[in-house]
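**Q** Below you will find the structure I want to go over with you.
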Amino acid sequence: MHRRHKFILALTLIAGIAFVVVMIKLKQPPERAAEQVAATPVRILEVAPLTVRIETRGFGQVLPARSWKAVANVGGRITWKHPDLESGNLISEGTRLLQIDPTRYELAEASARADIAGLEAEQQQLDQEEQNTQALLELENRRLALAQRELQRAKTLADSGSLSQTRLDEQLRATLQQQQAVQSLKNQLNLIPVRKKTLNARLARSESALAGAREDLEDARFEAPWDLRVHQSDIETGQQVNPGQTLFVADDITAAEATVQLEMSELRNVLYQIPGAPDPGNNGEASPGFTDFHQKLPLDSLTVRVHPTGAPDSHWTGTLTRITGSLDPATRTIQAVITVDEPYRSANPPARPPLVRNMFVQATIAALTNEPVLVVPASAIHQGEVYLANGNDRLQRQPVSLAWQQGELAVVSGGLKPGDQLILDDLIPAIEGTLLSPQPDENTRQWLQKMAAGEQP
């Protein structure tokens, strides 16, 4: 009985083991799901060359191109003043502005004229005296010739004993007297050139006095040399003025100059676009014969605008006239002088105020690139790299080099080529090879084109 129980237990154990083995053999492996990776949606922009409007901006103040500080060259009492000769008034060219009492200068002119008339009369008298003396000299020379012949005959007679020595001496004495008369007239003629020089010197001094009197008369009268605006006037009718005293200050209204502070790097980028400028790829070296860009570069080809800060919706078209010879020591910026023609005649205040003295303005100097360049949004540059979508829609990190950056635009000089698919989004994290779902961004493309052209998007 005990052996039978052992046999049943062994069969049961063998059957359990066989069942486990069979179940293990018949067990199916778990089904594997196909791997699926979600693609990251991104906005892309196809890189294409564009002509870019490069510009530099700066602030500065306006001053008149010409200013007249009227200073009295003569003293006297102001006898007349134009009623519009007050600060702020506009006066046209040729208008009589001020008169200083001319009486003393008119008297000086009359005195100089009288002196000149007297000296001219003395000159005429001296000329006549010279003619008269010359005529007398001719007569005296003839008398001297007769006396000399008479003396010769007397000597012949004296030698033959036909004439006494006393008569010979008398004839000799008469001949010597005649020679003295002739020499006296010659001496008078020799002194006439000296007397003429003396008269000419006195005449020149009198003419100089006359010119001085006339100049004083001119200096006593003030007329507008050009169309002007009175800046300052501190004199009144009846006031006594002295030589060297400032009477008024007036500004030329035909042109104004704005001296603005510009970043040197921005200005260089603009100037490089002017035809004839040095090639920036040649380390900025000038072309043969290039000596002075003021003379060589056509600065009038630049687009220059001046905006009053108090009226930013209005602007004036100007010309870049010159670049000053030094940097501003405080801001380390370069100073450019912009000339605006007719800043008063074309004004329409208050909508378009004129460019008056000391007005604060903003200036923009712009030029188009000589050839299309690769320009992208500055936000697409990530610490010297851009993100691209390659042909397999995978993320590619591409290092780039920048030529310059202007506001929200960046011009790329290396690392990109036309046709590249630029990712506009800032991917975090930006892992190389990430699967992408690119979508072209038409709005950004239009925005970029307007910004490159200098238009407001």
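In the structure tokens, chains take the letters A, B, ... in the order shown, each chain's residues start at 1, and ligands count up from 1 in the order shown.
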Give me the residues within 10 Å of range 121-125 of chain A as a list in words, counting only C-alpha atoms and dropping any in the same chain fewer than 5 places off.
**A** Asp115, Ile116, Glu130, Gln131, Arg195, Lys196, Leu199, Asn200 and Leu203 of chain A
**Q** Extract, using only C-alpha atoms, all DNA, RNA and protein residues at most 7 Å from Ala220 in chain A, discarding same-chain residues fewer than 6 positions from it, and format them as a ChimeraX atom specification.
**A** /A:74,99-102
**Q** For N, CA, C and O atoms, I'd like the residues from the last selection saved as a short mmCIF file (atom, residue, chain, number, x, y, z; two decimals), in the first residue's frame.
**A**
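Dumped everything to out-v6.cif:
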```cif
data_model
loop_
_atom_site.label_atom_id
_atom_site.label_comp_id
_atom_site.auth_asym_id
_atom_site.auth_seq_id
_atom_site.Cartn_x
_atom_site.Cartn_y
_atom_site.Cartn_z
N VAL A 74 32.39 151.11 -38.78
CA VAL A 74 32.49 152.54 -38.50
C VAL A 74 31.59 152.85 -37.32
O VAL A 74 30.64 152.11 -37.02
N GLN A 99 21.05 151.85 -41.30
CA GLN A 99 21.83 153.00 -41.76
C GLN A 99 22.46 153.70 -40.57
O GLN A 99 21.77 154.08 -39.62
N ILE A 100 23.79 153.83 -40.60
CA ILE A 100 24.52 154.62 -39.61
C ILE A 100 24.73 156.01 -40.19
O ILE A 100 24.94 156.17 -41.40
N ASP A 101 24.66 157.03 -39.34
CA ASP A 101 24.77 158.42 -39.78
C ASP A 101 26.00 158.60 -40.69
O ASP A 101 27.14 158.42 -40.24
N PRO A 102 25.80 158.98 -41.97
CA PRO A 102 26.92 159.05 -42.91
C PRO A 102 27.53 160.44 -43.04
O PRO A 102 28.40 160.64 -43.90
#
```
**Q** Got a sec: who's within 9 Å of Thr321 in chain A, counting only C-alpha atoms, leaving out chain neighbours fewer than 6 positions off, as a PDB file with C-alpha atoms, in the first residue's frame?
**A**
```
ATOM      1  CA  GLU A 257      23.483 121.823 -42.524  1.00  0.00           C
ATOM      2  CA  HIS A 294      35.138 113.399 -51.158  1.00  0.00           C
ATOM      3  CA  LEU A 299      28.069 110.996 -52.563  1.00  0.00           C
ATOM      4  CA  ASP A 300      24.961 112.422 -54.239  1.00  0.00           C
ATOM      5  CA  ALA A 336      28.749 113.603 -41.074  1.00  0.00           C
ATOM      6  CA  VAL A 337      27.503 116.908 -42.485  1.00  0.00           C
ATOM      7  CA  ILE A 338      24.234 116.752 -44.443  1.00  0.00           C
ATOM      8  CA  THR A 339      23.132 119.739 -46.536  1.00  0.00           C
TER       9      THR A 339
END
```
**Q** Run DSSP on the backbone and give me the residues of range 69-294 of chain A it puts in helix (DSSP H, G or I), as a PyMOL selection string.
**A** chain A and resi 103-160+165-219+264-271+280-282+293-294
**Q** With DSSP run on the backbone, what are the strand (DSSP E) residues within range 239-401 of chain A? I'd like them as a PDB file with N, CA and C atoms, in the first residue's frame.
**A**
```pdb
ATOM      1  N   GLN A 240      23.965 154.844 -30.381  1.00  0.00           N
ATOM      2  CA  GLN A 240      25.335 155.108 -30.798  1.00  0.00           C
ATOM      3  C   GLN A 240      26.095 153.786 -30.828  1.00  0.00           C
ATOM      4  N   VAL A 241      26.737 153.484 -31.952  1.00  0.00           N
ATOM      5  CA  VAL A 241      27.502 152.249 -32.075  1.00  0.00           C
ATOM      6  C   VAL A 241      28.961 152.590 -32.314  1.00  0.00           C
ATOM      7  N   THR A 246      28.908 144.255 -32.494  1.00  0.00           N
ATOM      8  CA  THR A 246      27.969 143.402 -33.221  1.00  0.00           C
ATOM      9  C   THR A 246      26.590 144.049 -33.226  1.00  0.00           C
ATOM     10  N   LEU A 247      26.018 144.178 -34.420  1.00  0.00           N
ATOM     11  CA  LEU A 247      24.720 144.833 -34.561  1.00  0.00           C
ATOM     12  C   LEU A 247      23.584 143.808 -34.606  1.00  0.00           C
ATOM     13  N   PHE A 248      23.730 142.770 -35.416  1.00  0.00           N
ATOM     14  CA  PHE A 248      22.711 141.721 -35.499  1.00  0.00           C
ATOM     15  C   PHE A 248      23.339 140.483 -36.114  1.00  0.00           C
ATOM     16  N   VAL A 249      22.629 139.357 -36.001  1.00  0.00           N
ATOM     17  CA  VAL A 249      23.069 138.075 -36.580  1.00  0.00           C
ATOM     18  C   VAL A 249      21.922 137.552 -37.431  1.00  0.00           C
ATOM     19  N   ALA A 250      22.233 137.129 -38.657  1.00  0.00           N
ATOM     20  CA  ALA A 250      21.207 136.630 -39.581  1.00  0.00           C
ATOM     21  C   ALA A 250      21.697 135.347 -40.231  1.00  0.00           C
ATOM     22  N   ASP A 251      20.758 134.449 -40.535  1.00  0.00           N
ATOM     23  CA  ASP A 251      21.071 133.142 -41.115  1.00  0.00           C
ATOM     24  C   ASP A 251      20.587 133.075 -42.556  1.00  0.00           C
ATOM     25  N   ASP A 252      21.391 132.426 -43.386  1.00  0.00           N
ATOM     26  CA  ASP A 252      20.998 132.160 -44.767  1.00  0.00           C
ATOM     27  C   ASP A 252      19.910 131.092 -44.780  1.00  0.00           C
ATOM     28  N   ALA A 255      20.019 127.261 -47.512  1.00  0.00           N
ATOM     29  CA  ALA A 255      20.544 125.929 -47.214  1.00  0.00           C
ATOM     30  C   ALA A 255      20.793 125.815 -45.721  1.00  0.00           C
ATOM     31  N   ALA A 256      20.625 124.592 -45.217  1.00  0.00           N
ATOM     32  CA  ALA A 256      20.910 124.288 -43.821  1.00  0.00           C
ATOM     33  C   ALA A 256      21.800 123.055 -43.764  1.00  0.00           C
ATOM     34  N   GLU A 257      22.582 122.958 -42.705  1.00  0.00           N
ATOM     35  CA  GLU A 257      23.483 121.823 -42.524  1.00  0.00           C
ATOM     36  C   GLU A 257      23.183 121.130 -41.199  1.00  0.00           C
ATOM     37  N   ALA A 258      23.046 119.817 -41.270  1.00  0.00           N
ATOM     38  CA  ALA A 258      22.830 118.999 -40.074  1.00  0.00           C
ATOM     39  C   ALA A 258      24.076 118.157 -39.838  1.00  0.00           C
ATOM     40  N   THR A 259      24.701 118.348 -38.697  1.00  0.00           N
ATOM     41  CA  THR A 259      25.866 117.560 -38.324  1.00  0.00           C
ATOM     42  C   THR A 259      25.403 116.443 -37.400  1.00  0.00           C
ATOM     43  N   VAL A 260      25.473 115.201 -37.887  1.00  0.00           N
ATOM     44  CA  VAL A 260      24.927 114.054 -37.155  1.00  0.00           C
ATOM     45  C   VAL A 260      26.050 113.098 -36.776  1.00  0.00           C
ATOM     46  N   GLN A 261      25.808 112.358 -35.692  1.00  0.00           N
ATOM     47  CA  GLN A 261      26.764 111.367 -35.192  1.00  0.00           C
ATOM     48  C   GLN A 261      26.375 110.001 -35.759  1.00  0.00           C
ATOM     49  N   LEU A 262      27.328 109.324 -36.404  1.00  0.00           N
ATOM     50  CA  LEU A 262      27.061 108.034 -37.037  1.00  0.00           C
ATOM     51  C   LEU A 262      28.069 106.995 -36.556  1.00  0.00           C
ATOM     52  N   THR A 303      20.913 107.981 -50.707  1.00  0.00           N
ATOM     53  CA  THR A 303      19.594 108.480 -50.312  1.00  0.00           C
ATOM     54  C   THR A 303      19.702 109.002 -48.888  1.00  0.00           C
ATOM     55  N   VAL A 304      19.507 110.301 -48.730  1.00  0.00           N
ATOM     56  CA  VAL A 304      19.690 110.953 -47.431  1.00  0.00           C
ATOM     57  C   VAL A 304      18.399 111.653 -47.046  1.00  0.00           C
ATOM     58  N   ARG A 305      17.942 111.393 -45.829  1.00  0.00           N
ATOM     59  CA  ARG A 305      16.744 112.039 -45.319  1.00  0.00           C
ATOM     60  C   ARG A 305      16.989 112.554 -43.910  1.00  0.00           C
ATOM     61  N   VAL A 306      16.377 113.699 -43.626  1.00  0.00           N
ATOM     62  CA  VAL A 306      16.490 114.331 -42.310  1.00  0.00           C
ATOM     63  C   VAL A 306      15.088 114.462 -41.731  1.00  0.00           C
ATOM     64  N   HIS A 307      14.909 113.959 -40.498  1.00  0.00           N
ATOM     65  CA  HIS A 307      13.610 113.979 -39.839  1.00  0.00           C
ATOM     66  C   HIS A 307      13.714 114.823 -38.572  1.00  0.00           C
ATOM     67  N   PRO A 308      12.950 115.909 -38.452  1.00  0.00           N
ATOM     68  CA  PRO A 308      12.900 116.628 -37.164  1.00  0.00           C
ATOM     69  C   PRO A 308      12.329 115.703 -36.088  1.00  0.00           C
ATOM     70  N   TRP A 316      13.023 115.727 -44.803  1.00  0.00           N
ATOM     71  CA  TRP A 316      13.666 116.573 -45.812  1.00  0.00           C
ATOM     72  C   TRP A 316      14.709 115.741 -46.531  1.00  0.00           C
ATOM     73  N   THR A 317      14.768 115.901 -47.838  1.00  0.00           N
ATOM     74  CA  THR A 317      15.796 115.221 -48.624  1.00  0.00           C
ATOM     75  C   THR A 317      17.074 116.050 -48.609  1.00  0.00           C
ATOM     76  N   GLY A 318      18.184 115.403 -48.323  1.00  0.00           N
ATOM     77  CA  GLY A 318      19.454 116.113 -48.238  1.00  0.00           C
ATOM     78  C   GLY A 318      20.544 115.429 -49.033  1.00  0.00           C
ATOM     79  N   THR A 319      21.753 115.959 -48.881  1.00  0.00           N
ATOM     80  CA  THR A 319      22.938 115.428 -49.558  1.00  0.00           C
ATOM     81  C   THR A 319      24.061 115.300 -48.539  1.00  0.00           C
ATOM     82  N   LEU A 320      24.721 114.143 -48.534  1.00  0.00           N
ATOM     83  CA  LEU A 320      25.900 113.981 -47.686  1.00  0.00           C
ATOM     84  C   LEU A 320      27.026 114.820 -48.273  1.00  0.00           C
ATOM     85  N   THR A 321      27.352 115.915 -47.596  1.00  0.00           N
ATOM     86  CA  THR A 321      28.321 116.873 -48.135  1.00  0.00           C
ATOM     87  C   THR A 321      29.754 116.482 -47.807  1.00  0.00           C
ATOM     88  N   ARG A 322      29.995 116.110 -46.564  1.00  0.00           N
ATOM     89  CA  ARG A 322      31.380 115.817 -46.168  1.00  0.00           C
ATOM     90  C   ARG A 322      31.358 115.033 -44.857  1.00  0.00           C
ATOM     91  N   ILE A 323      32.508 114.431 -44.579  1.00  0.00           N
ATOM     92  CA  ILE A 323      32.753 113.742 -43.320  1.00  0.00           C
ATOM     93  C   ILE A 323      33.826 114.525 -42.579  1.00  0.00           C
ATOM     94  N   THR A 324      33.585 114.825 -41.317  1.00  0.00           N
ATOM     95  CA  THR A 324      34.566 115.600 -40.571  1.00  0.00           C
ATOM     96  C   THR A 324      35.834 114.776 -40.359  1.00  0.00           C
ATOM     97  N   GLY A 325      36.892 115.468 -39.981  1.00  0.00           N
ATOM     98  CA  GLY A 325      38.205 114.829 -39.929  1.00  0.00           C
ATOM     99  C   GLY A 325      38.541 114.149 -38.622  1.00  0.00           C
ATOM    100  N   SER A 326      37.604 114.026 -37.670  1.00  0.00           N
ATOM    101  CA  SER A 326      37.931 113.417 -36.392  1.00  0.00           C
ATOM    102  C   SER A 326      36.697 112.744 -35.804  1.00  0.00           C
ATOM    103  N   LEU A 327      36.938 111.853 -34.839  1.00  0.00           N
ATOM    104  CA  LEU A 327      35.861 111.188 -34.126  1.00  0.00           C
ATOM    105  C   LEU A 327      35.432 112.031 -32.940  1.00  0.00           C
ATOM    106  N   ILE A 334      31.522 109.044 -35.722  1.00  0.00           N
ATOM    107  CA  ILE A 334      32.028 109.941 -36.744  1.00  0.00           C
ATOM    108  C   ILE A 334      30.958 110.967 -37.071  1.00  0.00           C
ATOM    109  N   GLN A 335      31.373 112.160 -37.437  1.00  0.00           N
ATOM    110  CA  GLN A 335      30.436 113.242 -37.700  1.00  0.00           C
ATOM    111  C   GLN A 335      30.291 113.438 -39.205  1.00  0.00           C
ATOM    112  N   ALA A 336      29.058 113.386 -39.665  1.00  0.00           N
ATOM    113  CA  ALA A 336      28.749 113.603 -41.074  1.00  0.00           C
ATOM    114  C   ALA A 336      27.918 114.869 -41.202  1.00  0.00           C
ATOM    115  N   VAL A 337      28.215 115.647 -42.237  1.00  0.00           N
ATOM    116  CA  VAL A 337      27.503 116.908 -42.485  1.00  0.00           C
ATOM    117  C   VAL A 337      26.565 116.689 -43.663  1.00  0.00           C
ATOM    118  N   ILE A 338      25.282 116.915 -43.433  1.00  0.00           N
ATOM    119  CA  ILE A 338      24.234 116.752 -44.443  1.00  0.00           C
ATOM    120  C   ILE A 338      23.678 118.128 -44.784  1.00  0.00           C
ATOM    121  N   THR A 339      23.638 118.451 -46.071  1.00  0.00           N
ATOM    122  CA  THR A 339      23.132 119.739 -46.536  1.00  0.00           C
ATOM    123  C   THR A 339      21.724 119.562 -47.092  1.00  0.00           C
ATOM    124  N   VAL A 340      20.824 120.422 -46.629  1.00  0.00           N
ATOM    125  CA  VAL A 340      19.434 120.432 -47.091  1.00  0.00           C
ATOM    126  C   VAL A 340      19.173 121.773 -47.762  1.00  0.00           C
ATOM    127  N   ASP A 341      18.759 121.746 -49.016  1.00  0.00           N
ATOM    128  CA  ASP A 341      18.479 122.972 -49.762  1.00  0.00           C
ATOM    129  C   ASP A 341      17.054 123.450 -49.496  1.00  0.00           C
ATOM    130  N   PHE A 360      16.913 119.698 -33.262  1.00  0.00           N
ATOM    131  CA  PHE A 360      17.421 118.343 -33.098  1.00  0.00           C
ATOM    132  C   PHE A 360      16.759 117.452 -34.135  1.00  0.00           C
ATOM    133  N   VAL A 361      17.563 116.702 -34.909  1.00  0.00           N
ATOM    134  CA  VAL A 361      17.037 115.905 -36.019  1.00  0.00           C
ATOM    135  C   VAL A 361      17.654 114.509 -35.994  1.00  0.00           C
ATOM    136  N   GLN A 362      16.962 113.612 -36.695  1.00  0.00           N
ATOM    137  CA  GLN A 362      17.500 112.278 -36.983  1.00  0.00           C
ATOM    138  C   GLN A 362      17.726 112.170 -38.485  1.00  0.00           C
ATOM    139  N   ALA A 363      18.878 111.668 -38.870  1.00  0.00           N
ATOM    140  CA  ALA A 363      19.221 111.550 -40.291  1.00  0.00           C
ATOM    141  C   ALA A 363      19.399 110.082 -40.653  1.00  0.00           C
ATOM    142  N   THR A 364      19.000 109.745 -41.866  1.00  0.00           N
ATOM    143  CA  THR A 364      19.155 108.395 -42.404  1.00  0.00           C
ATOM    144  C   THR A 364      19.908 108.479 -43.724  1.00  0.00           C
ATOM    145  N   ILE A 365      20.994 107.727 -43.829  1.00  0.00           N
ATOM    146  CA  ILE A 365      21.787 107.656 -45.058  1.00  0.00           C
ATOM    147  C   ILE A 365      21.713 106.211 -45.549  1.00  0.00           C
ATOM    148  N   ALA A 366      21.259 106.017 -46.777  1.00  0.00           N
ATOM    149  CA  ALA A 366      21.014 104.663 -47.267  1.00  0.00           C
ATOM    150  C   ALA A 366      21.548 104.486 -48.681  1.00  0.00           C
ATOM    151  N   ALA A 367      21.801 103.218 -49.025  1.00  0.00           N
ATOM    152  CA  ALA A 367      22.220 102.854 -50.382  1.00  0.00           C
ATOM    153  C   ALA A 367      21.843 101.394 -50.608  1.00  0.00           C
ATOM    154  N   LEU A 368      21.573 101.037 -51.861  1.00  0.00           N
ATOM    155  CA  LEU A 368      21.273  99.649 -52.214  1.00  0.00           C
ATOM    156  C   LEU A 368      22.561  98.877 -52.461  1.00  0.00           C
ATOM    157  N   VAL A 373      22.370  89.838 -52.123  1.00  0.00           N
ATOM    158  CA  VAL A 373      23.085  89.150 -51.052  1.00  0.00           C
ATOM    159  C   VAL A 373      22.105  88.213 -50.344  1.00  0.00           C
ATOM    160  N   LEU A 374      22.649  87.291 -49.562  1.00  0.00           N
ATOM    161  CA  LEU A 374      21.822  86.365 -48.791  1.00  0.00           C
ATOM    162  C   LEU A 374      21.461  87.017 -47.470  1.00  0.00           C
ATOM    163  N   VAL A 375      20.196  87.331 -47.300  1.00  0.00           N
ATOM    164  CA  VAL A 375      19.729  88.008 -46.100  1.00  0.00           C
ATOM    165  C   VAL A 375      18.680  87.137 -45.439  1.00  0.00           C
ATOM    166  N   VAL A 376      18.762  87.030 -44.111  1.00  0.00           N
ATOM    167  CA  VAL A 376      17.838  86.198 -43.339  1.00  0.00           C
ATOM    168  C   VAL A 376      17.402  86.998 -42.123  1.00  0.00           C
ATOM    169  N   PRO A 377      16.298  86.580 -41.472  1.00  0.00           N
ATOM    170  CA  PRO A 377      15.928  87.234 -40.210  1.00  0.00           C
ATOM    171  C   PRO A 377      17.011  87.031 -39.167  1.00  0.00           C
ATOM    172  N   GLU A 385      25.137  79.984 -35.614  1.00  0.00           N
ATOM    173  CA  GLU A 385      24.635  78.841 -36.365  1.00  0.00           C
ATOM    174  C   GLU A 385      23.206  79.125 -36.837  1.00  0.00           C
ATOM    175  N   VAL A 386      22.814  78.405 -37.892  1.00  0.00           N
ATOM    176  CA  VAL A 386      21.422  78.392 -38.331  1.00  0.00           C
ATOM    177  C   VAL A 386      20.960  76.948 -38.355  1.00  0.00           C
ATOM    178  N   TYR A 387      19.643  76.764 -38.295  1.00  0.00           N
ATOM    179  CA  TYR A 387      19.050  75.446 -38.370  1.00  0.00           C
ATOM    180  C   TYR A 387      18.453  75.273 -39.758  1.00  0.00           C
ATOM    181  N   LEU A 388      18.812  74.155 -40.394  1.00  0.00           N
ATOM    182  CA  LEU A 388      18.319  73.865 -41.738  1.00  0.00           C
ATOM    183  C   LEU A 388      17.541  72.561 -41.733  1.00  0.00           C
ATOM    184  N   ALA A 389      16.606  72.479 -42.648  1.00  0.00           N
ATOM    185  CA  ALA A 389      15.906  71.223 -42.914  1.00  0.00           C
ATOM    186  C   ALA A 389      16.520  70.611 -44.170  1.00  0.00           C
ATOM    187  N   LEU A 395      16.872  67.723 -39.087  1.00  0.00           N
ATOM    188  CA  LEU A 395      17.508  68.945 -38.607  1.00  0.00           C
ATOM    189  C   LEU A 395      19.015  68.908 -38.866  1.00  0.00           C
ATOM    190  N   GLN A 396      19.518  69.997 -39.443  1.00  0.00           N
ATOM    191  CA  GLN A 396      20.953  70.142 -39.689  1.00  0.00           C
ATOM    192  C   GLN A 396      21.408  71.481 -39.114  1.00  0.00           C
ATOM    193  N   ARG A 397      22.405  71.448 -38.242  1.00  0.00           N
ATOM    194  CA  ARG A 397      22.964  72.682 -37.662  1.00  0.00           C
ATOM    195  C   ARG A 397      24.134  73.131 -38.525  1.00  0.00           C
ATOM    196  N   GLN A 398      24.041  74.359 -39.004  1.00  0.00           N
ATOM    197  CA  GLN A 398      25.015  74.853 -39.982  1.00  0.00           C
ATOM    198  C   GLN A 398      25.680  76.136 -39.460  1.00  0.00           C
ATOM    199  N   PRO A 399      27.006  76.123 -39.236  1.00  0.00           N
ATOM    200  CA  PRO A 399      27.705  77.369 -38.853  1.00  0.00           C
ATOM    201  C   PRO A 399      27.716  78.356 -40.024  1.00  0.00           C
ATOM    202  N   SER A 401      28.814  82.670 -41.236  1.00  0.00           N
ATOM    203  CA  SER A 401      29.535  83.918 -40.937  1.00  0.00           C
ATOM    204  C   SER A 401      28.702  85.085 -41.441  1.00  0.00           C
TER     205      SER A 401
END
```
**Q** What is the CA of Gln449 in chain A-CA of Glu46 in chain A distance in Å, reported with one decimal?
**A** 12.4 Å
**Q** So which one's closest to Leu191 in chain A, A:Glu236, A:Glu207, A:Glu223, A:Glu129? Using only C-alpha atoms, please.
**A** A:Glu129
**Q** Could you check which of A:Arg142, A:His231, A:Arg53, A:Arg214 is closest to Glu86 in chain A, using only C-alpha atoms?
**A**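 Among A:Arg142, A:His231, A:Arg53, A:Arg214, it is A:His231 that comes nearest to Glu86 in chain A.
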**Q** Show which residues sit within 7 Å of Arg43 in chain A, as a ChimeraX atom specification. Count only C-alpha atoms, and ignore same-chain residues fewer than 3 positions away.
**A** /A:423-425,438-441
**Q** From the options A:Glu263, A:Leu210, A:Ser437, A:Leu409, which residue's atoms come nearest to Leu50 in chain A, counting only C-alpha atoms?
**A**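 Nearest to Leu50 in chain A: A:Leu409.
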